[in-house]
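First the structure, in the form of structure tokens, and then the observations on it.
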Protein chains: 2
Amino acid sequence: MTLANKAYDAIRMDIIRGDLAAETPLRLAELKTKYGMGFSPLREALNRLQSEHFVQSVDLKGFRVAPSSIEQMQDAMETRREIETLALAAAIKHGDDLWEGAIVAALHGLNLQAARPAQGEDLWELERRHFQFHRALISACQSPWKLRVFEQLYGATERYRIPALLNRTQGPERDISTEHGALAEAALARDTQLACDRLSTHYQTTAHWIAVQMRNAAAA
Amino acid sequence: MTLANKAYDAIRMDIIRGDLAAETPLRLAELKTKYGMGFSPLREALNRLQSEHFVQSVDLKGFRVAPSSIEQMQDAMETRREIETLALAAAIKHGDDLWEGAIVAALHGLNLQAARPAQGEDLWELERRHFQFHRALISACQSPWKLRVFEQLYGATERYRIPALLNRTQGPERDISTEHGALAEAALARDTQLACDRLSTHYQTTAHWIAVQMRNAAAA
DNA sequence: TAGTCCAATATTTTCGAAAATTTCACAAAC
DNA sequence: GTTTGTGAAATTTTCGAAAATATTGGACTA
């Protein structure tokens with residue numbers, strides 16, 4: 001793996017985790033000592049992150065972490081809901097045995113990891129499996145572009161979901177495992193309407209939960 | 001404007017125009033002489049283009065122009081149709097006087113340029129106005145993320161539409177100005193159903209037309 | 001002939017310094 | 001007191017060379 005890729009992963013994670021807060025200026029000299037590499041790989045990583053809207057940049061004034069707000073979070077979640085609903089309907093239509101198997105496997109792996117007490121690196125493994133599950137659901141949509149958009153929006157919402165998870169305070173109760181199970185069940189039963197409804201509800205509930213956490217965090 | 005931005009624009013245009021054909025390896029040494037700059041700005045441009053799926057890269061083996069195919073074109077057009085339909089409905093719901101004005105102005109500018117005999121640089125001006133018109137239609141959707149996805153997908157389809165335009169042979173007849181006019185009319189009349197239907201038809205017709213041109217070009 | 005190793009070459013990736021530009025502090029003018 | 005200008009410092013951007021890695025071609029072996 002090249003240094004540029006390491007830089008990309010590291011900075012992306014630091015932004016998602018909230019370690020690099022929104023609108024933080026990203027000075028090359030600081031990044032150089034923080035990540036222990038030269039300008040070139042850092043700039044390459046920043047350019048990629050810019051295209052993916054994790055950072056912004058102004059000519060000759062450098063990079064900074066992209067702003068964040070409840071409105072942006074809701075927009076990203078709502079757009080995700082709409083595009084993934086389309087993709088899920090297509091996947092249910094075209095999915096074969098392999099698609100079903102991937103969903104079952106991803107759900108199982110996700111539940112196993114969710115049952116383990118999360119700490120440190122485990123969070124990222126849980127997160128990886130969460131991503132895999134949602135991707136598996138729509139993987140048979142036969143549209144590479146929809147999958148790309150999904151991946152981009154998933155990343156955009158991670159920036160809000162992970163900090164909400166890490167700093168969660170009192171808030172609405174949820175049984176996410178049950179929600180995921182019901183979602184997979186409807187998809188495997190090829191009940192398009194029910195599956196899309198459950199996906200919609202799942203995202204709307206998540207968006208609401210994150211908004212509550214964000215408001216709590218802002219008040220604290 | 002920085003060299004990296006110039007490189008980005010130049011390479012992007014060369015890919016869209018078809019001057020850099022699909023799957024062409026992009027060797028740094030060649031690009032250096034072709035665009036007259038050093039490695040750094042070129043690599044930064046390539047990293048951004050990679051995130052936007054105009055080029056692909058493999059670690060230590062460098063970059064190449066992303067592949068293209070009729071299937072990819074149809075997928076990109078279909079995804080555009082779906083996301084823009086959602087955005088158009090939202091824009092019709094939320095659009096104010098300014099939104100209407102932007103549509104009228106963009107349509108007028110597009111028609112003016114379309115009436116001029118196109119040659120050389122004029123093509124890019126026409127293209128710019130075409131983009132502006134489609135963006136104006138959905139600009140009031142109140143969803144920055146949907147607009148970003150639109151912009152990315154518009155770029156992806158440009159790669160197919162522009163070469164089809166430049167090398168067009170015999171094919172289905174179209175009156176694009178009339179299509180655009182009818183689309184704007186339905187949007188301004190706030191007829192969501194009609195506007196979305198016209199948008200859908202517009203894209204499906206375009207996708208079909210491009211597919212015909214691509215097959216003709218492949219046969220020649 | 002087909003396959004494998006090795007050296008030579010080509011290419012990508014990374015670094016450190018130079019060039020270009022912005023930012024900041026402070027003085028001068030109104 | 002506010003604005004305007006100016007030079008130093010900080011920062012980004014770019015270049016050219018060095019390091020790391022991949023590719024090629026030819027000799028050698030089975």
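Going by the structure tokens order, chains are called A, B, ..., each with residues numbered from 1, while ligands are numbered from 1 in the order shown.
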
Contacts of stretch 44-129 of chain B with stretch 126-142 of chain A up to 12 Å, shortest pair per row, only C-alpha atoms, as a Markdown table:
```
| residue | atom | partner | partner_atom | distance |
| --- | --- | --- | --- | --- |
| B:Glu71 | CA | A:Gln142 | CA | 10.3 |
| B:Gln72 | CA | A:Gln142 | CA | 10.6 |
| B:Gln74 | CA | A:Gln142 | CA | 11.3 |
| B:Asp75 | CA | A:Gln142 | CA | 8.5 |
| B:Ala76 | CA | A:Gln142 | CA | 11.6 |
| B:Glu78 | CA | A:Gln142 | CA | 11.4 |
| B:Thr79 | CA | A:Gln142 | CA | 11.1 |
```

Just the selected residues (N, CA and C atoms), exported as a PDB file, in the first residue's frame, please.
```
ATOM      1  N   GLU B  71     -23.243  -0.443 -21.760  1.00  0.00           N
ATOM      2  CA  GLU B  71     -23.911  -0.787 -20.493  1.00  0.00           C
ATOM      3  C   GLU B  71     -23.664   0.301 -19.447  1.00  0.00           C
ATOM      4  N   GLN B  72     -22.402   0.750 -19.335  1.00  0.00           N
ATOM      5  CA  GLN B  72     -22.088   1.792 -18.366  1.00  0.00           C
ATOM      6  C   GLN B  72     -22.832   3.078 -18.681  1.00  0.00           C
ATOM      7  N   GLN B  74     -25.674   3.349 -20.259  1.00  0.00           N
ATOM      8  CA  GLN B  74     -27.089   3.193 -19.925  1.00  0.00           C
ATOM      9  C   GLN B  74     -27.310   3.246 -18.422  1.00  0.00           C
ATOM     10  N   ASP B  75     -26.411   2.665 -17.678  1.00  0.00           N
ATOM     11  CA  ASP B  75     -26.527   2.712 -16.217  1.00  0.00           C
ATOM     12  C   ASP B  75     -26.427   4.151 -15.715  1.00  0.00           C
ATOM     13  N   ALA B  76     -25.450   4.885 -16.244  1.00  0.00           N
ATOM     14  CA  ALA B  76     -25.285   6.276 -15.807  1.00  0.00           C
ATOM     15  C   ALA B  76     -26.520   7.099 -16.176  1.00  0.00           C
ATOM     16  N   GLU B  78     -29.600   6.033 -16.697  1.00  0.00           N
ATOM     17  CA  GLU B  78     -30.755   5.585 -15.918  1.00  0.00           C
ATOM     18  C   GLU B  78     -30.672   6.104 -14.475  1.00  0.00           C
ATOM     19  N   THR B  79     -29.480   6.075 -13.907  1.00  0.00           N
ATOM     20  CA  THR B  79     -29.325   6.586 -12.541  1.00  0.00           C
ATOM     21  C   THR B  79     -29.583   8.081 -12.511  1.00  0.00           C
TER      22      THR B  79
END
```

Please list as an mmCIF file with C-alpha atoms, in the first residue's frame every residue within 7 Å of A:Ala87, counting only C-alpha atoms (C1' of nucleotides) and excluding residues in the same chain fewer than 3 positions away.
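Written output follows (out23.cif):
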```
data_model
loop_
_atom_site.group_PDB
_atom_site.id
_atom_site.type_symbol
_atom_site.label_atom_id
_atom_site.label_comp_id
_atom_site.auth_asym_id
_atom_site.auth_seq_id
_atom_site.Cartn_x
_atom_site.Cartn_y
_atom_site.Cartn_z
ATOM 1 C CA ILE A 83 -31.239 6.154 -3.761
ATOM 2 C CA GLU A 84 -31.047 2.986 -1.678
ATOM 3 C CA ALA A 90 -33.943 -3.394 -8.211
ATOM 4 C CA ALA A 91 -31.909 -5.849 -6.144
ATOM 5 C CA ILE A 138 -28.525 -3.654 -2.704
ATOM 6 C CA CYS A 141 -29.263 -3.891 -8.195
ATOM 7 C CA LYS A 146 -26.041 3.412 -7.820
#
```

List the neighbours of D:DT12 out to 10 Å using only C-alpha atoms (C1' of nucleotides); skip same-chain residues closer than 5 positions along the sequence, and give me the result as a ChimeraX atom specification.
/A:27-28,59-63 /C:20-22

Put those residues in a file: N, CA and C atoms (P, O5', C5', C4', C3', O3' and C1' of nucleotides), as a CSV table (one decimal), in the first residue's frame.
```
chain,number,residue,atom,x,y,z
A,27,ARG,N,-3.3,22.1,7.7
A,27,ARG,CA,-2.0,22.7,7.3
A,27,ARG,C,-1.0,21.5,7.0
A,28,LEU,N,-0.4,21.7,5.8
A,28,LEU,CA,0.5,20.6,5.4
A,28,LEU,C,1.6,20.3,6.4
A,59,ASP,N,-8.0,27.7,-3.7
A,59,ASP,CA,-6.7,27.8,-4.4
A,59,ASP,C,-5.7,28.6,-3.5
A,60,LEU,N,-4.6,28.1,-3.3
A,60,LEU,CA,-3.5,28.8,-2.6
A,60,LEU,C,-3.8,29.1,-1.1
A,61,LYS,N,-4.9,28.7,-0.7
A,61,LYS,CA,-5.3,28.9,0.8
A,61,LYS,C,-5.4,27.5,1.5
A,62,GLY,N,-5.2,26.5,0.7
A,62,GLY,CA,-5.2,25.2,1.4
A,62,GLY,C,-6.5,24.5,1.7
A,63,PHE,N,-6.4,23.4,2.4
A,63,PHE,CA,-7.5,22.6,2.7
A,63,PHE,C,-8.1,22.8,4.1
C,20,DA,P,8.4,32.3,-9.2
C,20,DA,O5',7.0,32.2,-8.5
C,20,DA,C5',6.1,31.1,-8.8
C,20,DA,C4',4.9,31.2,-7.9
C,20,DA,C3',4.3,32.6,-7.8
C,20,DA,O3',2.9,32.6,-8.1
C,20,DA,C1',4.7,31.8,-5.6
C,21,DT,P,2.0,33.9,-8.2
C,21,DT,O5',1.3,33.9,-6.8
C,21,DT,C5',0.6,32.8,-6.3
C,21,DT,C4',0.3,32.9,-4.8
C,21,DT,C3',-0.4,34.3,-4.5
C,21,DT,O3',-1.8,34.0,-4.2
C,21,DT,C1',1.2,33.5,-2.8
C,22,DT,P,-2.7,35.1,-3.6
C,22,DT,O5',-2.7,34.9,-2.1
C,22,DT,C5',-3.1,33.6,-1.6
C,22,DT,C4',-2.8,33.6,-0.1
C,22,DT,C3',-3.6,34.5,0.8
C,22,DT,O3',-4.2,33.8,1.8
C,22,DT,C1',-1.3,34.7,1.3
```

When you look at stretch 199-203 of chain B with a cut-off of 10 Å (counting only C-alpha atoms (C1' of nucleotides)), what residues show up, excluding the ones that are within fewer than 5 positions of it in the same chain? I need them as an MDAnalysis selection string.
chainID B and resid 74 77:78 80:82 84:85 88 134 176 179:180 182:184 186:187 193:194 208:209

Contacts of A:Leu3 within 10 Å, only C-alpha atoms (C1' of nucleotides), excl. fewer than 6 positions in-chain, as an MDAnalysis selection string
(chainID A and resid 9 35:38 40:42 44:45) or (chainID C and resid 13:14)

Can you build me a table of chain D residues sitting at most 9 Å from chain B, with the closest atom pair per residue and its distance in Å to one decimal, using only C-alpha atoms (C1' of nucleotides), sorted by chain and residue number, as CSV?
```
residue,atom,partner,partner_atom,distance
D:DT13,C1',B:Thr2,CA,7.7
D:DT14,C1',B:Ser40,CA,6.8
D:DC15,C1',B:Gly38,CA,6.3
D:DG16,C1',B:Gly38,CA,8.7
D:DT21,C1',B:Leu60,CA,6.7
D:DA22,C1',B:Lys61,CA,7.1
```

Kindly save the residues from that selection, with N, CA and C atoms (P, O5', C5', C4', C3', O3' and C1' of nucleotides) included, as an mmCIF file, in the first residue's frame.
```cif
data_model
loop_
_atom_site.group_PDB
_atom_site.id
_atom_site.type_symbol
_atom_site.label_atom_id
_atom_site.label_comp_id
_atom_site.auth_asym_id
_atom_site.auth_seq_id
_atom_site.Cartn_x
_atom_site.Cartn_y
_atom_site.Cartn_z
ATOM 1 P P DT D 13 -2.630 24.864 -2.430
ATOM 2 O "O5'" DT D 13 -1.435 24.893 -3.496
ATOM 3 C "C5'" DT D 13 -1.184 26.087 -4.207
ATOM 4 C "C4'" DT D 13 0.088 25.975 -5.017
ATOM 5 C "C3'" DT D 13 0.154 24.779 -5.971
ATOM 6 O "O3'" DT D 13 0.320 25.277 -7.272
ATOM 7 C "C1'" DT D 13 2.183 25.041 -4.763
ATOM 8 P P DT D 14 0.279 24.305 -8.574
ATOM 9 O "O5'" DT D 14 1.837 24.019 -8.830
ATOM 10 C "C5'" DT D 14 2.688 25.107 -9.153
ATOM 11 C "C4'" DT D 14 4.118 24.646 -9.174
ATOM 12 C "C3'" DT D 14 4.386 23.409 -10.045
ATOM 13 O "O3'" DT D 14 5.132 23.824 -11.180
ATOM 14 C "C1'" DT D 14 5.557 23.319 -7.954
ATOM 15 P P DC D 15 5.547 22.741 -12.291
ATOM 16 O "O5'" DC D 15 7.061 22.412 -11.891
ATOM 17 C "C5'" DC D 15 7.945 23.496 -11.647
ATOM 18 C "C4'" DC D 15 9.242 22.984 -11.051
ATOM 19 C "C3'" DC D 15 9.875 21.836 -11.832
ATOM 20 O "O3'" DC D 15 11.188 22.206 -12.211
ATOM 21 C "C1'" DC D 15 9.759 21.339 -9.488
ATOM 22 P P DG D 16 11.905 21.490 -13.431
ATOM 23 O "O5'" DG D 16 12.974 20.556 -12.716
ATOM 24 C "C5'" DG D 16 13.841 21.134 -11.755
ATOM 25 C "C4'" DG D 16 14.559 20.032 -11.001
ATOM 26 C "C3'" DG D 16 15.018 18.853 -11.880
ATOM 27 O "O3'" DG D 16 16.318 18.487 -11.481
ATOM 28 C "C1'" DG D 16 13.646 18.065 -10.113
ATOM 29 P P DT D 21 9.327 -0.935 -2.269
ATOM 30 O "O5'" DT D 21 8.744 -1.284 -3.707
ATOM 31 C "C5'" DT D 21 7.673 -0.504 -4.220
ATOM 32 C "C4'" DT D 21 7.551 -0.739 -5.706
ATOM 33 C "C3'" DT D 21 7.497 -2.205 -6.119
ATOM 34 O "O3'" DT D 21 6.171 -2.494 -6.522
ATOM 35 C "C1'" DT D 21 8.807 -0.893 -7.611
ATOM 36 P P DA D 22 5.745 -3.846 -7.230
ATOM 37 O "O5'" DA D 22 5.919 -3.491 -8.767
ATOM 38 C "C5'" DA D 22 4.979 -2.630 -9.388
ATOM 39 C "C4'" DA D 22 5.317 -2.472 -10.867
ATOM 40 C "C3'" DA D 22 5.106 -3.727 -11.710
ATOM 41 O "O3'" DA D 22 4.423 -3.360 -12.873
ATOM 42 C "C1'" DA D 22 7.319 -2.935 -11.994
#
```

Taking the backbone alone, and naming residues the way the document does, which bits of chain B are strand (DSSP E or B) by DSSP, as a ChimeraX atom specification?
/B:25-26,55-58,62-65

Residue list (alpha helix (DSSP H), DSSP) for stretch 31-201 of chain A, as a VMD selection string
chain A and resid 31 to 35 39 to 51 70 to 94 97 to 115 122 to 138 144 to 166 176 to 188 192 to 201

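For the pair atom CA of A:Asp14 and atom CA of B:Leu46, the interatomic distance is 23.6 Å.
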
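In this model, the gap between atom CA of A:Phe150 and atom CA of A:Ile70 comes to 19.8 Å.
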
For chain C, which residue among B:Asn5, B:Asn216, B:Ser57, B:Ser177 is the nearest when counting only C-alpha atoms (C1' of nucleotides)?
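With only C-alpha atoms (C1' of nucleotides) as the atom set, the closest residue is B:Ser57.
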